[in-house]
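Next comes coords-v4.tsv, a file with TSV, C-alpha atoms and all ligand atoms.
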chain	number	residue	atom	x	y	z
X	298	ALA	CA	-59.43	106.99	-2.82
X	299	ASP	CA	-58.16	109.25	-5.59
X	300	ASP	CA	-59.24	112.56	-6.97
X	301	ASP	CA	-62.10	112.24	-9.37
X	302	ALA	CA	-61.05	113.22	-12.88
X	303	ASP	CA	-64.27	115.11	-13.60
X	304	ASP	CA	-64.39	117.42	-10.62
X	305	ASP	CA	-62.50	118.41	-7.48
X	306	SER	CA	-64.31	116.06	-5.16
X	307	GLN	CA	-62.45	113.22	-3.49
X	308	GLU	CA	-64.15	109.88	-3.36
X	309	ILE	CA	-64.33	108.07	-0.04
X	310	VAL	CA	-65.51	104.57	0.82
X	311	ALA	CA	-67.38	104.00	4.07
X	312	GLY	CA	-67.27	100.86	6.20
X	313	THR	CA	-69.89	99.62	8.62
X	314	ALA	CA	-70.90	96.49	10.55
X	315	PRO	CA	-74.61	95.69	10.07
X	316	GLY	CA	-76.69	93.81	12.63
X	317	PHE	CA	-76.71	96.82	14.94
X	318	GLU	CA	-80.24	98.15	14.56
X	319	PRO	CA	-81.35	100.88	14.06
X	320	PHE	CA	-77.85	102.22	13.27
X	321	GLU	CA	-76.94	99.75	10.52
X	322	MET	CA	-78.74	96.67	9.28
X	323	VAL	CA	-79.55	94.85	6.06
X	324	ILE	CA	-83.26	94.77	5.16
X	325	ASP	CA	-84.33	92.98	1.95
X	326	GLY	CA	-80.71	92.87	0.89
X	327	GLU	CA	-80.26	96.60	1.35
X	328	LEU	CA	-77.93	98.30	3.81
X	329	VAL	CA	-80.01	100.85	5.76
X	330	GLY	CA	-80.10	102.69	9.09
X	331	PHE	CA	-79.39	105.84	11.03
X	332	ASP	CA	-75.63	105.82	10.39
X	333	ILE	CA	-76.15	105.20	6.68
X	334	ASP	CA	-78.52	108.16	6.26
X	335	LEU	CA	-76.52	110.38	8.58
X	336	LEU	CA	-73.13	109.81	6.93
X	337	GLU	CA	-74.69	110.32	3.50
X	338	ALA	CA	-76.24	113.63	4.63
X	339	VAL	CA	-72.98	114.71	6.30
X	340	VAL	CA	-70.83	113.93	3.25
X	341	GLU	CA	-73.29	115.94	1.12
X	342	GLU	CA	-72.21	118.98	3.16
X	343	THR	CA	-68.55	118.44	2.25
X	344	ASP	CA	-66.37	118.45	-0.88
X	345	TYR	CA	-66.05	114.68	-0.60
X	346	GLU	CA	-68.13	112.14	-2.47
X	347	LEU	CA	-69.31	108.84	-0.99
X	348	ALA	CA	-68.34	106.15	-3.51
X	349	GLY	CA	-69.93	103.25	-1.62
X	350	TRP	CA	-70.23	101.11	1.49
X	351	GLU	CA	-68.29	98.04	2.66
X	352	GLU	CA	-69.96	95.66	5.10
X	353	LEU	CA	-67.45	94.19	7.54
X	354	GLU	CA	-67.34	92.61	10.96
X	355	PHE	CA	-67.03	95.22	13.70
X	356	ASP	CA	-63.56	94.12	14.79
X	357	GLY	CA	-62.40	94.31	11.15
X	358	LEU	CA	-63.28	97.98	10.70
X	359	ILE	CA	-60.19	99.60	12.21
X	360	PRO	CA	-57.81	97.24	10.33
X	361	ALA	CA	-59.72	97.98	7.08
X	362	LEU	CA	-59.35	101.71	7.71
X	363	GLU	CA	-55.62	101.33	8.36
X	364	ASN	CA	-55.21	99.19	5.20
X	365	GLU	CA	-57.04	101.87	3.20
X	366	ASN	CA	-59.76	99.43	2.14
X	367	ILE	CA	-62.16	102.00	3.57
X	368	ASP	CA	-61.73	105.71	4.36
X	369	VAL	CA	-64.35	106.28	7.04
X	370	ILE	CA	-66.04	104.12	9.68
X	371	ALA	CA	-69.74	104.73	10.36
X	372	ALA	CA	-70.65	101.97	12.78
X	373	ALA	CA	-71.99	103.48	16.02
X	374	MET	CA	-68.35	103.41	17.09
X	375	THR	CA	-67.68	104.94	20.48
X	376	ILE	CA	-64.87	107.47	20.69
X	377	THR	CA	-62.38	105.94	23.17
X	378	ASP	CA	-58.83	106.81	24.23
X	379	GLU	CA	-57.71	103.31	23.23
X	380	ARG	CA	-59.05	103.68	19.69
X	381	GLU	CA	-57.62	107.18	19.44
X	382	GLU	CA	-54.17	105.63	19.77
X	383	THR	CA	-54.61	104.24	16.25
X	384	ILE	CA	-57.37	106.25	14.50
X	385	SER	CA	-59.04	109.67	14.73
X	386	PHE	CA	-62.71	110.53	15.14
X	387	SER	CA	-65.05	113.26	13.97
X	388	ASP	CA	-66.98	115.16	16.61
X	389	SER	CA	-69.67	113.12	18.32
X	390	TYR	CA	-72.99	112.57	16.54
X	391	TYR	CA	-74.83	110.39	19.09
X	392	SER	CA	-74.68	109.56	22.83
X	393	ALA	CA	-75.37	106.17	24.38
X	394	ASP	CA	-75.09	104.06	27.54
X	395	GLN	CA	-74.96	100.27	27.93
X	396	SER	CA	-77.77	97.84	28.76
X	397	VAL	CA	-77.99	94.26	29.90
X	398	LEU	CA	-80.35	92.19	27.72
X	399	VAL	CA	-81.92	88.94	28.96
X	400	GLN	CA	-84.52	86.47	27.68
X	401	SER	CA	-88.07	87.88	27.97
X	402	GLY	CA	-89.74	86.56	31.11
X	403	GLY	CA	-86.78	84.25	31.77
X	404	ASP	CA	-85.29	83.17	35.10
X	405	VAL	CA	-82.32	85.51	34.79
X	406	GLN	CA	-83.42	88.96	36.01
X	407	PRO	CA	-80.31	90.86	37.16
X	408	ASP	CA	-80.62	94.34	38.69
X	409	ASP	CA	-76.95	95.28	38.48
X	410	LEU	CA	-73.60	94.02	37.18
X	411	GLU	CA	-72.94	92.13	40.43
X	412	ASP	CA	-76.04	90.02	39.78
X	413	LEU	CA	-74.28	88.67	36.67
X	414	GLU	CA	-71.95	86.65	38.94
X	415	GLY	CA	-71.36	83.15	37.59
X	416	LEU	CA	-73.58	83.66	34.52
X	417	ASN	CA	-72.83	83.17	30.83
X	418	VAL	CA	-72.43	86.63	29.32
X	419	GLY	CA	-72.08	87.61	25.65
X	420	ALA	CA	-70.96	90.66	23.67
X	421	GLN	CA	-69.75	91.50	20.17
X	422	SER	CA	-66.03	91.13	19.54
X	423	GLY	CA	-64.11	94.39	19.76
X	424	THR	CA	-66.93	96.47	21.27
X	425	THR	CA	-67.06	98.59	24.39
X	426	GLY	CA	-69.61	96.03	25.67
X	427	GLU	CA	-66.85	93.43	25.49
X	428	GLY	CA	-64.56	95.86	27.33
X	429	ILE	CA	-67.09	96.05	30.16
X	430	VAL	CA	-67.26	92.25	30.38
X	431	GLN	CA	-63.47	92.19	30.70
X	432	ASP	CA	-63.04	95.11	33.12
X	433	GLU	CA	-66.16	94.87	35.27
X	434	LEU	CA	-66.94	91.14	35.25
X	435	ILE	CA	-63.83	89.06	34.50
X	436	ASP	CA	-61.24	91.34	36.14
X	437	GLU	CA	-63.55	91.81	39.15
X	438	GLY	CA	-63.79	88.02	39.55
X	439	LEU	CA	-67.56	87.93	38.98
X	440	ILE	CA	-67.33	85.58	35.99
X	441	ASP	CA	-64.55	83.35	34.63
X	442	GLU	CA	-62.95	83.92	31.24
X	443	GLY	CA	-64.78	80.78	30.05
X	444	ASP	CA	-68.19	82.25	31.00
X	445	TYR	CA	-67.75	84.95	28.37
X	446	ASP	CA	-68.90	84.30	24.80
X	447	SER	CA	-67.59	86.65	22.12
X	448	TYR	CA	-69.76	86.99	18.97
X	449	ASP	CA	-68.91	88.36	15.53
X	450	ASN	CA	-72.39	89.89	15.47
X	451	TYR	CA	-74.87	90.85	18.20
X	452	VAL	CA	-77.71	89.22	16.23
X	453	LEU	CA	-76.13	85.82	16.89
X	454	ALA	CA	-75.91	86.60	20.61
X	455	VAL	CA	-79.57	87.70	20.72
X	456	GLU	CA	-80.59	84.39	19.10
X	457	GLU	CA	-78.73	82.49	21.83
X	458	LEU	CA	-80.55	84.53	24.47
X	459	GLU	CA	-83.90	83.68	22.89
X	460	ARG	CA	-82.93	79.99	22.90
X	461	GLY	CA	-81.81	80.25	26.52
X	462	THR	CA	-78.26	79.10	25.77
X	463	LEU	CA	-76.83	82.44	26.93
X	464	ASP	CA	-77.83	84.31	30.12
X	465	ALA	CA	-77.15	87.96	29.34
X	466	ILE	CA	-75.71	90.34	26.74
X	467	ILE	CA	-74.01	93.68	27.27
X	468	ILE	CA	-74.91	96.02	24.42
X	469	ASP	CA	-75.48	99.70	23.62
X	470	GLU	CA	-78.82	100.86	25.03
X	471	PRO	CA	-80.48	102.13	21.81
X	472	VAL	CA	-79.72	98.80	20.12
X	473	ALA	CA	-80.96	96.86	23.16
X	474	GLU	CA	-84.24	98.80	22.88
X	475	SER	CA	-84.57	97.87	19.24
X	476	PHE	CA	-83.91	94.14	19.83
X	477	ALA	CA	-86.33	94.19	22.80
X	478	ALA	CA	-89.06	95.61	20.54
X	479	ASP	CA	-88.60	92.95	17.83
X	480	ARG	CA	-87.50	89.80	19.63
X	481	GLU	CA	-88.06	87.67	22.73
X	482	VAL	CA	-85.53	89.61	24.79
X	483	GLU	CA	-85.85	92.43	27.32
X	484	ILE	CA	-83.67	95.03	29.01
X	485	ALA	CA	-82.87	93.98	32.60
X	486	PHE	CA	-81.16	97.28	33.41
X	487	THR	CA	-79.16	100.10	31.85
X	488	PHE	CA	-76.00	101.61	33.27
X	489	GLU	CA	-74.36	104.91	32.45
X	490	THR	CA	-71.20	104.83	30.35
X	491	GLY	CA	-71.58	108.20	28.63
X	492	GLU	CA	-70.37	106.93	25.26
X	493	GLU	CA	-70.19	109.25	22.27
X	494	TYR	CA	-70.27	107.88	18.72
X	495	GLY	CA	-67.98	109.40	16.08
X	496	PHE	CA	-67.04	108.66	12.48
X	497	GLY	CA	-63.57	107.09	12.39
X	498	VAL	CA	-60.86	108.21	9.96
X	499	ARG	CA	-57.12	107.57	9.54
X	500	GLN	CA	-54.92	109.69	11.80
X	501	ASP	CA	-53.33	111.49	8.85
X	502	ASP	CA	-56.71	112.36	7.31
X	503	ASP	CA	-57.09	115.72	9.08
X	504	ASP	CA	-59.00	117.28	6.19
X	505	LEU	CA	-61.61	114.53	6.14
X	506	GLN	CA	-61.89	114.60	9.93
X	507	ALA	CA	-62.52	118.38	9.91
X	508	ALA	CA	-64.94	118.15	6.97
X	509	LEU	CA	-67.00	115.45	8.70
X	510	SER	CA	-67.19	117.43	11.94
X	511	GLU	CA	-68.32	120.52	10.05
X	512	GLY	CA	-70.79	118.38	8.10
X	513	ILE	CA	-72.24	116.97	11.33
X	514	GLU	CA	-72.70	120.50	12.67
X	515	ALA	CA	-74.45	121.62	9.47
X	516	VAL	CA	-76.77	118.59	9.48
X	517	GLU	CA	-77.58	119.16	13.17
X	518	GLU	CA	-78.35	122.82	12.55
X	519	SER	CA	-80.66	122.05	9.65
X	520	SER	CA	-83.80	119.94	10.10
X	521	GLU	CA	-82.03	116.90	8.63
X	522	TYR	CA	-80.63	115.47	11.86
X	523	ASP	CA	-84.07	115.45	13.47
X	524	GLU	CA	-85.63	113.95	10.36
X	525	ILE	CA	-83.13	111.10	10.28
X	526	THR	CA	-83.59	110.55	14.03
X	527	GLN	CA	-87.36	110.44	13.62
X	528	GLU	CA	-87.06	108.00	10.79
X	529	TRP	CA	-85.04	105.46	12.78
X	530	PHE	CA	-86.08	106.02	16.41
X	531	ASP	CA	-89.52	106.24	17.95
X	532	GLU	CA	-89.00	109.76	19.19
M	601	LIG	N1	-70.63	101.50	20.53
M	601	LIG	C1	-70.00	100.23	20.69
M	601	LIG	C2	-68.52	100.33	20.40
M	601	LIG	O1	-68.08	101.29	19.84
M	601	LIG	C3	-70.61	99.14	19.83
M	601	LIG	C4	-70.62	99.41	18.36
M	601	LIG	C5	-71.02	98.23	17.53
M	601	LIG	N2	-71.32	98.64	16.20
M	601	LIG	C6	-71.73	97.83	15.19
M	601	LIG	N3	-72.01	98.36	14.05
M	601	LIG	N4	-71.84	96.56	15.39
M	601	LIG	O2	-67.75	99.47	20.71
Take the structure from the file and write it as structure tokens.
Amino acid sequence: ADDDADDDSQEIVAGTAPGFEPFEMVIDGELVGFDIDLLEAVVEETDYELAGWEELEFDGLIPALENENIDVIAAAMTITDEREETISFSDSYYSADQSVLVQSGGDVQPDDLEDLEGLNVGAQSGTTGEGIVQDELIDEGLIDEGDYDSYDNYVLAVEELERGTLDAIIIDEPVAESFAADREVEIAFTFETGEEYGFGVRQDDDDLQAALSEGIEAVEESSEYDEITQEWFDE
């Protein structure tokens, strides 16, 4: 993004991956959610201007950032060491753990990860949920590689759960809660991962990174953060 001719503000384009309620979803053709409102409020606190949003698949966000198709990722993206090898993050704006979702009232009622032995498990491609499937289930010999189904979008995985063609999904807890409220799925159990969500930027974009962190702090100190939280979560 280039300097705007009319003023000193720099335009930035944000990227997200909808289908991750209540953080980002499309309702009546409109992109809405916690991350959308929060990033917009945060950018308002900075000298940058938000020129628009790109909707991408989750595993396409980091490549799009690196290609400069987008300038910031706002997608409930967890700050991880692995991702920090290629991109940078703002300070954290939300904390989450992971849950296991199953069909409501179905036969599969696991109490812990070990109970997932031999089951068909799904997660969204490129997520930390997928990382857990790999590290805690496949690498531990609980399920085979072929028992794991990778989805472009968690909504597709939830539909398979409802149909009974998938046994369990590993997904961020706040999103699991939202799907459980709206669909025929329920949380079997939640386990602590201590994930922190940050806005992703290119590694050389130090100014944007600092501006976003300062913007998050300002929004948290004002009443805005609580207002946005209240709007999207039943809290
Ligand atoms: N927090 C998880 C991660 O960073 C899942 C994020 C998925 N976000 C999305 N918009 N689909 O891997």
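Among the candidates X:Gln307, X:Thr343, X:Thr377, X:Ser520, the residue lying nearest to ligand LIG 601 (chain M) is X:Thr377 (atoms considered: all atoms listed in the file).
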Separation of atom CA of Ala485 of chain X and atom CA of Gln527 of chain X, in Å?
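Rounded to one decimal, the two atoms are 25.5 Å apart.
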Atom N1 of ligand LIG 601 (chain M) and atom CA of Thr375 of chain X, how far apart in Å?
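Taking atom CA of Thr375 of chain X and atom N1 of ligand LIG 601 (chain M), their separation equals 4.5 Å.
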Contacts of ligand LIG 601 (chain M), 6 Å or closer, all atoms listed in the file, given as a ChimeraX atom specification
/X:313-315,317,355,372-375,424-425
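Considering the residues X:Glu521, X:Glu442, X:Glu427, X:Asp501 and counting all atoms listed in the file, Glu342 of chain X has its shortest atom-to-atom contact with X:Glu521.
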Between atom CA of Gly426 of chain X and atom CA of Val455 of chain X, what distance in Å does the model show, to one decimal?
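Taking atom CA of Gly426 of chain X as the start and atom CA of Val455 of chain X as the end point, the length is 13.9 Å.
Using only C-alpha atoms, the nearest neighbour of Tyr345 of chain X within the list X:Asp523, X:Asp368, X:Asp444, X:Glu481 is X:Asp368.
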For a quick check of understanding, using all atoms listed in the file, which of X:Ser519, X:Gln506, X:Asn417, X:Gln500 has the smallest distance to Glu363 of chain X?
X:Gln500
Pick out the residues sitting within 7 Å of Val339 of chain X, and hand them over as a list of chain:residue names; count only C-alpha atoms, and ignore anything fewer than 4 positions along from it in its own chain.
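Returned residues: X:Leu335, X:Leu509, X:Gly512, X:Ile513, X:Val516.
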Test item: residues at most 10 Å from Thr383 of chain X, all atoms listed in the file, excluding those fewer than 5 positions along its chain, as a list in words:
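My reading of the contact set: Ile359, Pro360, Glu363, Asp378, Val498, Arg499 and Gln500 of chain X.
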For the selection you just gave me, I'd like the residues written to a file as a tab-separated table (two decimals), in the frame of the given file, keeping C-alpha atoms.
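Contents of result.tsv, freshly written:
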chain	number	residue	atom	x	y	z
X	359	ILE	CA	-60.19	99.60	12.21
X	360	PRO	CA	-57.81	97.24	10.33
X	363	GLU	CA	-55.62	101.33	8.36
X	378	ASP	CA	-58.83	106.81	24.23
X	498	VAL	CA	-60.86	108.21	9.96
X	499	ARG	CA	-57.12	107.57	9.54
X	500	GLN	CA	-54.92	109.69	11.80
Dump as a ChimeraX atom specification all residues having an atom at most 12 Å from (-76.6, 102.2, 25.6), computed in the file's coordinates with all atoms listed in the file.
/X:317,373-375,391-398,425-426,466-475,484,486-494
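With only C-alpha atoms as the atoms that count, the minimum distance from Ile370 of chain X to the choices X:Leu463, X:Ala454, X:Leu353, X:Val430 is reached by X:Leu353.
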Could you list as a PyMOL selection string every residue that has an atom within 10 Å of (-67.1, 87.0, 36.9), using the file's coordinates and counting all atoms listed in the file?
chain X and resi 410-418+430-445
Residues from the last selection, C-alpha atoms, saved as a short mmCIF file (atom, residue, chain, number, x, y, z; two decimals), in the frame of the given file:
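The resulting file, part00.cif, is reproduced below:
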data_model
loop_
_atom_site.label_atom_id
_atom_site.label_comp_id
_atom_site.auth_asym_id
_atom_site.auth_seq_id
_atom_site.Cartn_x
_atom_site.Cartn_y
_atom_site.Cartn_z
CA LEU X 410 -73.60 94.02 37.18
CA GLU X 411 -72.94 92.13 40.43
CA ASP X 412 -76.04 90.02 39.78
CA LEU X 413 -74.28 88.67 36.67
CA GLU X 414 -71.95 86.65 38.94
CA GLY X 415 -71.36 83.15 37.59
CA LEU X 416 -73.58 83.66 34.52
CA ASN X 417 -72.83 83.17 30.83
CA VAL X 418 -72.43 86.63 29.32
CA VAL X 430 -67.26 92.25 30.38
CA GLN X 431 -63.47 92.19 30.70
CA ASP X 432 -63.04 95.11 33.12
CA GLU X 433 -66.16 94.87 35.27
CA LEU X 434 -66.94 91.14 35.25
CA ILE X 435 -63.83 89.06 34.50
CA ASP X 436 -61.24 91.34 36.14
CA GLU X 437 -63.55 91.81 39.15
CA GLY X 438 -63.79 88.02 39.55
CA LEU X 439 -67.56 87.93 38.98
CA ILE X 440 -67.33 85.58 35.99
CA ASP X 441 -64.55 83.35 34.63
CA GLU X 442 -62.95 83.92 31.24
CA GLY X 443 -64.78 80.78 30.05
CA ASP X 444 -68.19 82.25 31.00
CA TYR X 445 -67.75 84.95 28.37
#
Around segment 442-455 of chain X, with edges along x, y and z and 6 Å added on all six sides, what centre and edge lengths do you get, in Å to one decimal, as JSON?
{"center_x": -71.3, "center_y": 85.8, "center_z": 23.4, "size_x": 28.6, "size_y": 22.1, "size_z": 27.8}
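Closest approach to Leu328 of chain X among X:Trp350, X:Phe496, X:Tyr522, X:Phe476: X:Trp350, based on all atoms listed in the file.
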